[in-house]
>>> print(open('target_37.txt').read())   # compact mmCIF, C-alpha atoms and all ligand atoms
# COMPACT_ATOMS: atom_id res chain seq x y z
CA MET A 11 76.56 47.75 104.84
CA PRO A 12 77.39 51.26 106.12
CA VAL A 13 79.25 53.51 103.71
CA SER A 14 82.69 53.40 105.28
CA ALA A 15 85.22 56.20 105.01
CA LEU A 16 87.63 53.80 103.35
CA GLU A 17 85.36 53.22 100.39
CA VAL A 18 84.62 55.48 97.50
CA PRO A 19 81.26 56.89 98.54
CA PRO A 20 78.36 55.89 96.29
CA LYS A 21 77.43 58.45 93.71
CA PRO A 22 74.36 60.08 95.24
CA ASN A 23 71.10 59.34 93.54
CA LEU A 24 69.88 62.88 92.97
CA ILE A 25 66.20 62.11 93.23
CA ALA A 26 66.62 59.99 96.34
CA THR A 27 68.80 62.69 97.91
CA ALA A 28 66.34 65.36 96.96
CA THR A 29 63.58 63.47 98.74
CA GLY A 30 65.81 62.72 101.71
CA ASP A 31 65.94 58.99 100.96
CA VAL A 32 69.71 58.66 101.31
CA ALA A 33 69.56 55.47 103.35
CA GLN A 34 67.73 53.76 100.50
CA THR A 35 70.43 54.81 98.06
CA ALA A 36 73.18 53.45 100.30
CA LYS A 37 71.36 50.14 100.69
CA THR A 38 71.04 49.71 96.94
CA SER A 39 74.69 50.51 96.55
CA ALA A 40 75.60 47.86 99.13
CA GLN A 41 73.71 45.33 97.06
CA ARG A 42 75.63 46.33 94.00
CA ASN A 43 78.75 45.54 95.99
CA GLY A 44 77.67 41.93 96.29
CA GLU A 45 75.45 41.78 99.34
CA ALA A 46 72.45 39.49 98.75
CA ALA A 47 69.16 41.28 98.30
CA SER A 48 66.34 39.70 100.24
CA LEU A 49 63.30 38.61 98.29
CA GLU A 50 61.21 40.93 100.44
CA HIS A 51 63.38 43.89 99.46
CA LEU A 52 63.15 43.01 95.75
CA VAL A 53 59.37 42.68 95.89
CA GLU A 54 59.02 45.99 97.73
CA THR A 55 61.38 47.89 95.39
CA ASP A 56 59.82 46.47 92.24
CA ALA A 57 56.35 47.39 93.52
CA ARG A 58 57.59 50.96 94.10
CA CYS A 59 59.78 51.46 91.01
CA GLY A 60 58.92 48.94 88.31
CA ILE A 61 56.08 49.20 85.82
CA GLN A 62 53.68 46.50 86.96
CA ASN A 63 53.12 44.80 83.61
CA TYR A 64 54.05 41.32 84.85
CA GLY A 65 52.17 39.09 87.25
CA ARG A 66 55.23 37.74 89.02
CA LEU A 67 55.66 34.72 91.28
CA SER A 68 57.46 35.42 94.56
CA VAL A 69 60.78 33.88 93.62
CA ALA A 70 64.04 35.55 92.58
CA PHE A 71 66.63 33.28 91.01
CA LYS A 72 70.23 34.15 91.48
CA ARG A 73 72.38 31.37 90.00
CA GLY A 74 72.04 28.51 87.55
CA GLN A 75 73.96 25.44 86.46
CA GLY A 76 72.74 23.09 83.72
CA ALA A 77 69.06 22.45 84.48
CA ARG A 78 69.37 23.67 88.11
CA LEU A 79 68.53 27.07 89.55
CA TRP A 80 69.11 28.57 93.01
CA ASP A 81 67.13 31.48 94.41
CA VAL A 82 68.30 34.39 96.57
CA GLU A 83 67.45 32.35 99.65
CA GLY A 84 69.67 29.49 98.50
CA ARG A 85 66.86 27.07 97.60
CA GLU A 86 67.53 24.69 94.71
CA TYR A 87 65.13 24.11 91.79
CA LEU A 88 64.94 21.83 88.78
CA ASP A 89 64.30 24.07 85.79
CA PHE A 90 61.74 22.66 83.36
CA LEU A 91 60.96 26.02 81.78
CA GLY A 92 64.38 27.28 80.66
CA GLY A 93 63.29 30.91 80.88
CA ILE A 94 60.50 30.02 78.38
CA ALA A 95 62.48 28.04 75.79
CA VAL A 96 65.48 30.37 75.99
CA VAL A 97 68.08 28.33 77.86
CA THR A 98 68.89 25.75 75.18
CA VAL A 99 72.13 24.16 76.40
CA GLY A 100 71.74 24.74 80.15
CA HIS A 101 72.50 27.58 82.54
CA ALA A 102 76.09 28.84 82.80
CA HIS A 103 77.40 26.39 80.23
CA PRO A 104 81.20 26.76 80.43
CA ARG A 105 81.67 26.99 76.66
CA VAL A 106 79.02 29.70 76.27
CA THR A 107 80.40 31.53 79.32
CA GLU A 108 83.90 31.40 77.86
CA ALA A 109 82.75 32.68 74.48
CA ILE A 110 80.88 35.58 76.08
CA THR A 111 83.77 36.40 78.41
CA LYS A 112 86.37 36.34 75.63
CA GLN A 113 84.20 38.48 73.40
CA ALA A 114 83.60 40.98 76.21
CA GLU A 115 87.35 41.26 76.66
CA THR A 116 87.83 41.88 72.94
CA LEU A 117 84.99 43.90 71.40
CA LEU A 118 81.28 44.11 72.19
CA HIS A 119 79.97 46.29 69.44
CA SER A 120 80.97 48.12 66.30
CA SER A 121 78.10 48.70 63.86
CA ASN A 122 76.43 47.04 60.91
CA ILE A 123 78.17 49.69 58.83
CA TYR A 124 81.11 47.26 59.06
CA TYR A 125 81.62 43.52 58.75
CA ILE A 126 81.24 41.61 62.02
CA GLU A 127 83.09 38.31 62.09
CA PRO A 128 80.92 36.30 64.52
CA GLN A 129 77.79 37.56 62.69
CA VAL A 130 79.11 36.37 59.33
CA GLU A 131 79.99 33.03 60.93
CA LEU A 132 76.49 32.69 62.46
CA ALA A 133 74.86 33.52 59.10
CA ARG A 134 77.07 30.90 57.43
CA ARG A 135 76.01 28.25 59.94
CA LEU A 136 72.31 29.04 59.66
CA HIS A 137 72.67 28.98 55.86
CA GLU A 138 74.34 25.58 56.16
CA MET A 139 71.70 24.23 58.55
CA SER A 140 68.85 25.39 56.31
CA GLY A 141 70.16 23.58 53.23
CA GLY A 142 73.57 25.03 52.33
CA GLU A 143 74.10 24.75 48.56
CA ASP A 144 70.63 23.24 48.33
CA GLY A 145 68.33 26.13 49.27
CA GLY A 146 70.19 27.52 52.27
CA MET A 147 68.53 30.65 53.66
CA ARG A 148 70.04 34.10 54.16
CA ALA A 149 70.04 35.71 57.61
CA PHE A 150 69.31 39.12 59.13
CA PHE A 151 69.85 39.61 62.86
CA CYS A 152 67.94 41.55 65.49
CA ASN A 153 67.34 41.21 69.23
CA SER A 154 64.00 39.53 69.85
CA GLY A 155 61.19 37.44 68.44
CA ALA A 156 58.88 40.40 67.92
CA GLU A 157 61.58 42.21 65.97
CA ALA A 158 62.27 39.16 63.83
CA ASN A 159 58.56 38.94 63.04
CA GLU A 160 58.40 42.67 62.20
CA ALA A 161 61.19 42.11 59.70
CA ALA A 162 59.37 39.07 58.30
CA LEU A 163 56.15 41.05 57.79
CA LYS A 164 58.04 43.86 56.08
CA MET A 165 59.88 41.39 53.87
CA ALA A 166 56.65 39.62 52.91
CA ARG A 167 55.10 42.86 51.68
CA LYS A 168 58.28 44.16 50.04
CA SER A 169 59.00 40.90 48.22
CA THR A 170 55.52 40.52 46.69
CA SER A 171 53.69 42.72 44.22
CA PRO A 172 52.34 46.04 45.61
CA ALA A 173 48.78 44.72 45.30
CA ARG A 174 49.62 42.04 47.85
CA PHE A 175 49.51 43.47 51.36
CA GLU A 176 47.25 41.20 53.40
CA ILE A 177 48.82 39.01 56.06
CA ILE A 178 46.89 35.95 57.17
CA THR A 179 47.54 34.61 60.66
CA LEU A 180 45.83 32.05 62.85
CA GLU A 181 43.41 32.52 65.73
CA ASN A 182 45.07 32.02 69.13
CA SER A 183 48.54 32.52 67.64
CA PHE A 184 51.22 34.55 69.39
CA HIS A 185 53.81 36.55 67.44
CA GLY A 186 54.94 39.31 69.83
CA ARG A 187 54.05 42.65 71.41
CA THR A 188 55.21 45.31 68.93
CA TYR A 189 52.49 46.78 66.72
CA GLY A 190 53.12 44.60 63.66
CA SER A 191 53.71 41.39 65.57
CA LEU A 192 50.79 42.27 67.87
CA ALA A 193 48.50 42.77 64.88
CA ALA A 194 49.70 39.38 63.63
CA THR A 195 48.81 37.83 66.99
CA GLY A 196 45.34 36.35 66.57
CA GLN A 197 44.05 37.06 70.07
CA PRO A 198 41.73 40.06 70.68
CA LYS A 199 42.65 40.16 74.39
CA TYR A 200 46.17 41.35 73.47
CA HIS A 201 44.81 44.09 71.18
CA GLU A 202 42.36 45.54 73.69
CA GLY A 203 43.08 49.14 74.57
CA PHE A 204 45.78 49.46 71.92
CA GLU A 205 43.56 50.03 68.89
CA PRO A 206 43.66 50.97 66.12
CA MET A 207 45.82 48.01 65.08
CA PRO A 208 47.87 48.30 61.88
CA GLY A 209 45.66 47.25 58.95
CA GLY A 210 45.92 44.40 56.52
CA PHE A 211 45.75 41.45 58.90
CA LYS A 212 43.16 38.71 58.94
CA TYR A 213 42.69 35.74 61.19
CA ILE A 214 41.53 32.23 60.41
CA PRO A 215 41.04 29.14 62.57
CA ARG A 216 43.95 26.68 62.93
CA ASN A 217 43.73 23.42 60.98
CA ASP A 218 40.66 24.45 58.95
CA ILE A 219 41.78 23.90 55.34
CA ALA A 220 38.53 25.22 53.84
CA ALA A 221 38.94 28.51 55.75
CA LEU A 222 42.59 28.63 54.63
CA GLU A 223 41.63 28.27 50.97
CA ALA A 224 38.89 30.88 51.32
CA ALA A 225 41.30 33.35 52.94
CA PHE A 226 43.77 33.48 50.05
CA ASN A 227 43.09 35.99 47.26
CA GLU A 228 44.85 38.51 45.00
CA ARG A 229 45.66 40.71 48.03
CA THR A 230 47.44 38.01 50.04
CA ALA A 231 51.10 38.79 50.77
CA ALA A 232 51.76 36.06 53.32
CA ILE A 233 50.52 33.64 55.88
CA MET A 234 52.39 33.52 59.20
CA ILE A 235 52.22 30.32 61.24
CA GLU A 236 53.80 28.94 64.42
CA PRO A 237 54.30 25.26 63.45
CA ILE A 238 53.42 24.40 67.06
CA PHE A 239 51.63 27.14 69.02
CA GLY A 240 53.73 27.89 72.09
CA GLU A 241 52.07 30.60 74.18
CA SER A 242 48.61 29.12 73.58
CA GLY A 243 49.54 25.84 75.20
CA ILE A 244 51.55 23.66 72.76
CA LEU A 245 48.94 23.22 70.03
CA PRO A 246 50.17 21.41 66.92
CA VAL A 247 49.33 22.51 63.39
CA ASP A 248 48.45 19.59 61.08
CA VAL A 249 50.96 18.67 58.38
CA GLU A 250 48.14 18.62 55.79
CA TYR A 251 47.28 22.19 56.77
CA LEU A 252 50.91 23.31 56.42
CA GLN A 253 51.10 21.56 53.04
CA ALA A 254 47.95 23.35 51.90
CA ALA A 255 49.42 26.68 53.04
CA ARG A 256 52.60 25.89 51.07
CA ARG A 257 50.59 25.08 47.94
CA LEU A 258 48.42 28.20 48.23
CA CYS A 259 51.47 30.44 48.71
CA ASP A 260 53.07 28.94 45.61
CA GLU A 261 49.91 29.38 43.56
CA HIS A 262 49.47 33.01 44.65
CA GLY A 263 53.07 34.17 44.76
CA ALA A 264 52.60 34.81 48.49
CA ARG A 265 55.08 34.07 51.28
CA LEU A 266 54.90 31.24 53.76
CA ILE A 267 56.32 32.52 57.06
CA PHE A 268 57.05 30.16 59.93
CA ASP A 269 57.48 31.75 63.33
CA GLU A 270 59.94 29.33 64.91
CA VAL A 271 60.82 31.71 67.73
CA GLN A 272 59.81 29.02 70.25
CA THR A 273 60.09 25.80 68.19
CA GLY A 274 63.54 26.52 66.72
CA ILE A 275 67.09 25.70 67.84
CA GLY A 276 66.59 22.01 68.50
CA ARG A 277 63.64 22.39 70.87
CA THR A 278 61.53 19.82 69.01
CA GLY A 279 64.39 17.38 68.33
CA THR A 280 65.45 18.80 64.97
CA PHE A 281 67.11 22.15 64.47
CA TRP A 282 63.85 23.56 63.09
CA ALA A 283 60.38 22.08 63.48
CA TRP A 284 59.78 22.38 59.71
CA GLN A 285 62.39 19.68 59.10
CA GLN A 286 60.12 17.14 60.82
CA LEU A 287 56.93 18.51 59.31
CA GLY A 288 58.34 18.35 55.78
CA VAL A 289 57.15 21.82 54.73
CA LYS A 290 59.79 24.48 54.18
CA PRO A 291 58.85 28.15 54.62
CA ASP A 292 60.06 31.07 52.47
CA ILE A 293 60.70 33.17 55.56
CA LEU A 294 61.48 31.93 59.05
CA THR A 295 61.98 33.70 62.36
CA LEU A 296 64.08 32.69 65.34
CA ALA A 297 64.91 34.17 68.73
CA LYS A 298 64.36 32.60 72.13
CA GLY A 299 66.83 29.68 72.20
CA LEU A 300 69.45 31.09 69.85
CA GLY A 301 71.72 32.85 72.36
CA ASN A 302 71.14 30.66 75.45
CA GLY A 303 69.94 33.78 77.29
CA VAL A 304 71.82 36.51 75.46
CA PRO A 305 69.20 38.46 73.47
CA ILE A 306 69.28 37.72 69.74
CA GLY A 307 66.69 37.23 67.03
CA ALA A 308 67.00 36.27 63.39
CA LEU A 309 65.06 36.42 60.17
CA LEU A 310 65.93 33.82 57.56
CA ALA A 311 64.69 33.93 54.00
CA ARG A 312 64.93 32.11 50.72
CA ASP A 313 67.43 33.67 48.33
CA ASP A 314 64.99 35.39 45.94
CA VAL A 315 62.72 36.58 48.78
CA ALA A 316 65.68 37.95 50.74
CA ALA A 317 66.62 39.99 47.66
CA ALA A 318 63.75 42.37 48.53
CA PHE A 319 65.95 43.84 51.25
CA VAL A 320 68.65 46.10 49.84
CA PRO A 321 70.85 48.70 51.59
CA GLY A 322 68.55 51.06 53.46
CA THR A 323 65.45 48.86 53.48
CA HIS A 324 65.75 47.60 57.04
CA GLY A 325 68.24 47.65 59.88
CA CYS A 326 68.94 47.21 63.56
CA THR A 327 71.57 48.92 65.72
CA PHE A 328 72.30 46.03 68.05
CA GLY A 329 71.32 43.30 65.59
CA GLY A 330 74.00 40.66 65.18
CA ASN A 331 76.60 42.40 67.30
CA PHE A 332 79.77 40.69 68.54
CA LEU A 333 78.42 39.66 71.93
CA SER A 334 75.11 38.11 70.87
CA CYS A 335 76.62 36.30 67.89
CA ALA A 336 79.50 34.94 69.98
CA ALA A 337 76.92 33.56 72.41
CA ALA A 338 74.83 32.09 69.58
CA ASN A 339 77.81 30.45 67.87
CA ALA A 340 78.86 28.83 71.16
CA THR A 341 75.27 27.71 71.79
CA LEU A 342 75.15 26.01 68.38
CA ASP A 343 78.55 24.38 69.00
CA VAL A 344 77.31 22.84 72.25
CA LEU A 345 73.94 21.86 70.75
CA VAL A 346 75.70 19.84 68.05
CA ASP A 347 78.72 18.54 69.98
CA GLU A 348 76.68 17.32 72.96
CA GLN A 349 73.98 15.88 70.67
CA LEU A 350 71.29 17.80 72.51
CA MET A 351 68.75 17.54 69.68
CA GLU A 352 68.94 13.75 69.90
CA ASN A 353 68.67 14.13 73.67
CA ALA A 354 65.55 16.30 73.26
CA THR A 355 63.87 13.56 71.23
CA ARG A 356 64.88 10.74 73.59
CA VAL A 357 64.27 12.46 76.93
CA GLY A 358 61.17 14.21 75.54
CA LYS A 359 59.66 10.80 74.75
CA TYR A 360 60.61 9.48 78.20
CA PHE A 361 59.00 12.53 79.83
CA GLU A 362 55.82 12.21 77.74
CA ASP A 363 55.54 8.54 78.70
CA ALA A 364 56.00 9.40 82.38
CA LEU A 365 53.31 12.08 82.14
CA GLN A 366 50.95 9.66 80.38
CA ALA A 367 51.51 7.06 83.10
CA TRP A 368 50.78 9.63 85.78
CA GLY A 369 47.67 10.68 83.85
CA GLU A 370 46.39 7.13 83.81
CA GLU A 371 47.05 6.74 87.51
CA SER A 372 45.53 10.09 88.57
CA GLY A 373 42.79 10.37 85.97
CA GLU A 374 43.50 14.12 85.81
CA ILE A 375 45.04 14.44 82.33
CA GLU A 376 43.06 15.17 79.20
CA GLU A 377 46.03 15.14 76.80
CA VAL A 378 49.84 15.14 76.71
CA ARG A 379 51.10 16.75 73.49
CA GLY A 380 54.19 18.23 71.92
CA LEU A 381 57.40 17.38 70.19
CA GLY A 382 60.86 16.86 71.67
CA LEU A 383 61.18 18.99 74.78
CA MET A 384 58.24 21.25 73.98
CA ILE A 385 55.50 19.59 75.99
CA GLY A 386 52.01 20.66 77.03
CA VAL A 387 49.75 18.81 79.43
CA GLU A 388 46.06 19.61 79.30
CA MET A 389 44.34 18.86 82.61
CA LYS A 390 40.71 17.79 82.91
CA ARG A 391 40.16 20.24 85.77
CA PRO A 392 41.39 23.87 86.13
CA ILE A 393 44.28 22.98 88.46
CA ALA A 394 47.28 23.82 86.27
CA ARG A 395 48.09 27.12 87.99
CA ALA A 396 47.72 25.63 91.45
CA LEU A 397 50.00 22.75 90.41
CA MET A 398 52.56 25.18 88.99
CA LYS A 399 52.65 27.15 92.27
CA ALA A 400 52.80 24.05 94.45
CA ALA A 401 55.54 22.54 92.25
CA LEU A 402 57.58 25.71 92.66
CA GLU A 403 57.43 25.21 96.44
CA HIS A 404 58.71 21.67 95.86
CA GLY A 405 61.54 22.97 93.69
CA LEU A 406 60.23 22.35 90.18
CA VAL A 407 59.92 25.19 87.66
CA PHE A 408 57.43 25.16 84.79
CA ASN A 409 54.54 27.40 83.80
CA ALA A 410 50.81 27.26 83.31
CA VAL A 411 48.91 28.45 80.25
CA GLY A 412 45.54 29.50 81.61
CA ASP A 413 44.10 27.27 84.32
CA THR A 414 44.19 23.96 82.47
CA ILE A 415 47.53 23.61 80.63
CA MET A 416 50.97 22.93 82.11
CA ARG A 417 53.85 23.85 79.80
CA PHE A 418 57.36 22.37 79.94
CA LEU A 419 60.30 23.82 77.96
CA PRO A 420 63.40 22.62 79.83
CA PRO A 421 67.01 23.09 78.75
CA LEU A 422 67.75 20.40 76.14
CA CYS A 423 70.43 18.88 78.40
CA ILE A 424 68.02 17.35 80.93
CA THR A 425 68.45 13.64 81.70
CA THR A 426 65.96 10.85 82.38
CA ASP A 427 67.02 11.12 86.06
CA ASP A 428 65.94 14.78 85.97
CA VAL A 429 62.59 13.65 84.55
CA ASP A 430 62.19 11.09 87.36
CA GLU A 431 62.92 13.80 89.90
CA ALA A 432 60.51 16.22 88.20
CA MET A 433 57.76 13.58 88.26
CA GLN A 434 58.30 13.05 92.01
CA LYS A 435 57.99 16.77 92.61
CA LEU A 436 54.93 16.97 90.39
CA ARG A 437 53.27 14.13 92.31
CA ALA A 438 54.09 15.89 95.59
CA ALA A 439 52.60 19.11 94.23
CA TYR A 440 49.49 17.22 93.13
CA ALA A 441 49.10 15.64 96.57
CA GLN A 442 49.31 19.10 98.12
CA VAL A 443 46.81 20.67 95.70
CA THR A 444 44.25 17.91 96.08
CA ALA A 445 44.69 17.41 99.86
C1 LIG B 501 58.05 34.48 72.48
C2 LIG B 501 57.52 34.47 71.12
C3 LIG B 501 57.53 35.63 70.32
C4 LIG B 501 57.98 36.96 70.85
O1 LIG B 501 59.32 36.97 71.17
P1 LIG B 501 59.94 38.20 72.02
O2 LIG B 501 61.41 37.90 72.04
O3 LIG B 501 59.30 38.17 73.36
O4 LIG B 501 59.63 39.44 71.28
C5 LIG B 501 57.08 35.52 69.03
N1 LIG B 501 56.64 34.35 68.53
C6 LIG B 501 56.62 33.22 69.27
C7 LIG B 501 56.15 31.95 68.65
C8 LIG B 501 57.06 33.25 70.59
O5 LIG B 501 57.01 32.13 71.32
>>> encode(input="target_37.txt", output="structure tokens", more="lines below")
Ligand SMILES: *Cc1c(COP(=O)(O)O)cnc(C)c1O
Amino acid sequence: MPVSALEVPPKPNLIATATGDVAQTAKTSAQRNGEAASLEHLVETDARCGIQNYGRLSVAFKRGQGARLWDVEGREYLDFLGGIAVVTVGHAHPRVTEAITKQAETLLHSSNIYYIEPQVELARRLHEMSGGEDGGMRAFFCNSGAEANEAALKMARKSTSPARFEIITLENSFHGRTYGSLAATGQPKYHEGFEPMPGGFKYIPRNDIAALEAAFNERTAAIMIEPIFGESGILPVDVEYLQAARRLCDEHGARLIFDEVQTGIGRTGTFWAWQQLGVKPDILTLAKGLGNGVPIGALLARDDVAAAFVPGTHGCTFGGNFLSCAAANATLDVLVDEQLMENATRVGKYFEDALQAWGEESGEIEEVRGLGLMIGVEMKRPIARALMKAALEHGLVFNAVGDTIMRFLPPLCITTDDVDEAMQKLRAAYAQVTA
């Protein structure tokens, strides 16, 4: 679109003007005015201006509705990834949209120096959902999973005796990209080039109770566990192992931390995964699915553990502000009112059965595992990435963990019809890959 004399001219981008690239500035401005950007233009601009820390697929989504997405070229997709377990109640849910819109028209931000009504309400609900009068947990809010885990690590050390500083985590775990959460992440490949890592962390194999018992000593402050490993390909942690961790924490006065950043908010069919596993943590972290796409994270802690944080101990500028808490409250309303946790259990089972049936027919599947709508499919051959790319061409969105695992984390509102359609697309993708 040419810059017409009738319009307010775009504010010149000084750097672009200085290098004579005025046409580029005008083009970008036209896009801001609502003209669709072509995929080609996005790819080219990102390659020129963005830090290249993501290996991206060549798709740019523009609009969503429920479990459907549309890209900038108008192609429709069935979303079985939900932005990696973020979109809990579906894209553009009218009740979440209304809550966000109303809040934006009223007040976005004040400060944690003051009381914030939607934050207090969200804390009340999380307290209620974690036991209420009977052991309900206290909440602190931040913006992401990594930040929630940082707060959890700080709370674990602060709430135990000074001699206790060691944090035990599991090999192949994923807890985030900030230094503390990265140190907690038990995967050397993520640490490479960023050393030295913060000290005091040690890693033990998942589901090895003897190693767990050997790891605890008088220096142990906490053990941090994802009840089901998400980023490593939907790997469950045994209930007996979690029970042993609970017992050892109690014996040592150490903290049991569950990272439910991916498993929380109904993903597994209950609000938190621990409710089904029967082991309650002292500290719990949340993020991904809490705001249906609006960034928010939370740290929850048992009463006496939470008491370690007093005014000045920890804080977060944006944490729990009006906008993110309004989005989270609306997300929880929809989750409960539309019975999406029950749906996750029912449709998750239907999906697992369909995947099993396809596995038997194709002979390609090693294992289908998961809980609710957190499902991993381990393939016998390294074709997961190829399947993911081919499925995308057929209009199905999911992701691959390495070359052998397909991971599905759809919005919790998907139906059995959506599953049937996804299976058709998956079969088409498989036919293409193996042709
Ligand atoms: C995604 C994830 C994180 C990190 O969350 P960010 O919001 O990306 O910082 C931490 N723990 C688990 C289990 C996750 O899945």
>>> atom_distance(input="target_37.txt", atom1="CA of Gly303 (chain A)", atom2="CA of Phe281 (chain A)")
17.5 Å
>>> axis_aligned_box(input="target_37.txt", around="region 407-421 of chain A", padding_each_side="3 Å", output="AutoDock Vina command-line options")
--center_x 55.6 --center_y 25.9 --center_z 82.8 --size_x 28.9 --size_y 13.1 --size_z 15.7
>>> closest_residue(input="target_37.txt", among="A:Ala439, A:Leu245, A:Leu345, A:Leu49", to="ligand LIG 501 (chain B)", atoms="only C-alpha atoms and all ligand atoms")
A:Leu245
>>> residues_near_ligand(input="target_37.txt", ligand="ligand LIG 501 (chain B)", cutoff="6 Å", atoms="only C-alpha atoms and all ligand atoms", output="PDB file with C-alpha atoms, in the frame of the given file")
ATOM      1  CA  SER A 154      64.000  39.530  69.850  1.00  0.00           C
ATOM      2  CA  GLY A 155      61.190  37.440  68.440  1.00  0.00           C
ATOM      3  CA  ALA A 156      58.880  40.400  67.920  1.00  0.00           C
ATOM      4  CA  PHE A 184      51.220  34.550  69.390  1.00  0.00           C
ATOM      5  CA  HIS A 185      53.810  36.550  67.440  1.00  0.00           C
ATOM      6  CA  GLY A 186      54.940  39.310  69.830  1.00  0.00           C
ATOM      7  CA  GLU A 236      53.800  28.940  64.420  1.00  0.00           C
ATOM      8  CA  GLY A 240      53.730  27.890  72.090  1.00  0.00           C
ATOM      9  CA  GLU A 241      52.070  30.600  74.180  1.00  0.00           C
ATOM     10  CA  ASP A 269      57.480  31.750  63.330  1.00  0.00           C
ATOM     11  CA  GLU A 270      59.940  29.330  64.910  1.00  0.00           C
ATOM     12  CA  VAL A 271      60.820  31.710  67.730  1.00  0.00           C
ATOM     13  CA  GLN A 272      59.810  29.020  70.250  1.00  0.00           C
TER      14      GLN A 272
END
>>> closest_atom_pairs(input="target_37.txt", of="region 158-210 of chain A", to="region 132-152 of chain A", cutoff="12 Å", atoms="all atoms listed in the file", output="Markdown table")
| residue | atom | partner | partner_atom | distance |
| --- | --- | --- | --- | --- |
| A:Ala158 | CA | A:Cys152 | CA | 6.4 |
| A:Asn159 | CA | A:Cys152 | CA | 10.0 |
| A:Glu160 | CA | A:Cys152 | CA | 10.2 |
| A:Ala161 | CA | A:Phe150 | CA | 8.7 |
| A:Ala162 | CA | A:Phe150 | CA | 10.0 |
| A:Met165 | CA | A:Phe150 | CA | 11.0 |
>>> closest_residue(input="target_37.txt", among="A:Thr425, A:Ser183, A:Thr280, A:Asn217", to="Glu250 (chain A)", atoms="only C-alpha atoms")
A:Asn217
>>> atom_distance(input="target_37.txt", atom1="CA of Asp343 (chain A)", atom2="CA of Asn331 (chain A)")
18.2 Å
>>> closest_residue(input="target_37.txt", among="A:Ile267, A:Ala438, A:Val69, A:Ala109", to="Leu342 (chain A)", atoms="only C-alpha atoms")
A:Ala109
>>> atom_distance(input="target_37.txt", atom1="CA of Leu79 (chain A)", atom2="CA of Arg105 (chain A)")
18.4 Å
>>> closest_residue(input="target_37.txt", among="A:Leu402, A:Leu419, A:Ala264, A:Val357", to="Ala173 (chain A)", atoms="all atoms listed in the file")
A:Ala264
>>> residues_around(input="target_37.txt", residues="Gly210 (chain A)", least_positions_apart="3", cutoff="7 Å", atoms="all atoms listed in the file", output="VMD selection string")
chain A and resid 175 to 177
>>> closest_residue(input="target_37.txt", among="A:Ala255, A:Val249, A:Gly196, A:Gly329", to="Leu222 (chain A)", atoms="only C-alpha atoms")
A:Ala255
>>> closest_atom_pairs(input="target_37.txt", of="region 263-341 of chain A", to="region 368-390 of chain A", cutoff="9 Å", atoms="only C-alpha atoms", output="CSV")
residue,atom,partner,partner_atom,distance
A:Gln272,CA,A:Met384,CA,8.8
A:Thr273,CA,A:Met384,CA,7.6
A:Gly276,CA,A:Gly382,CA,8.3
A:Arg277,CA,A:Leu383,CA,5.7
A:Thr278,CA,A:Gly382,CA,4.0
A:Gly279,CA,A:Gly382,CA,4.9
A:Thr280,CA,A:Gly382,CA,8.3
A:Ala283,CA,A:Leu381,CA,8.7
>>> residues_near_point(input="target_37.txt", point="(53.5, 40.8, 53.1)", cutoff="6 Å", atoms="only C-alpha atoms", output="PyMOL selection string")
chain A and resi 163+166-167+175+177+231-232
>>> residues_around(input="target_37.txt", residues="Ala441 (chain A)", least_positions_apart="4", cutoff="10 Å", atoms="only C-alpha atoms", output="PyMOL selection string")
chain A and resi 397+400+435-437+445
>>> closest_residue(input="target_37.txt", among="A:Ala193, A:Val407, A:Val315, A:Val304", to="Ser171 (chain A)", atoms="all atoms listed in the file")
A:Val315
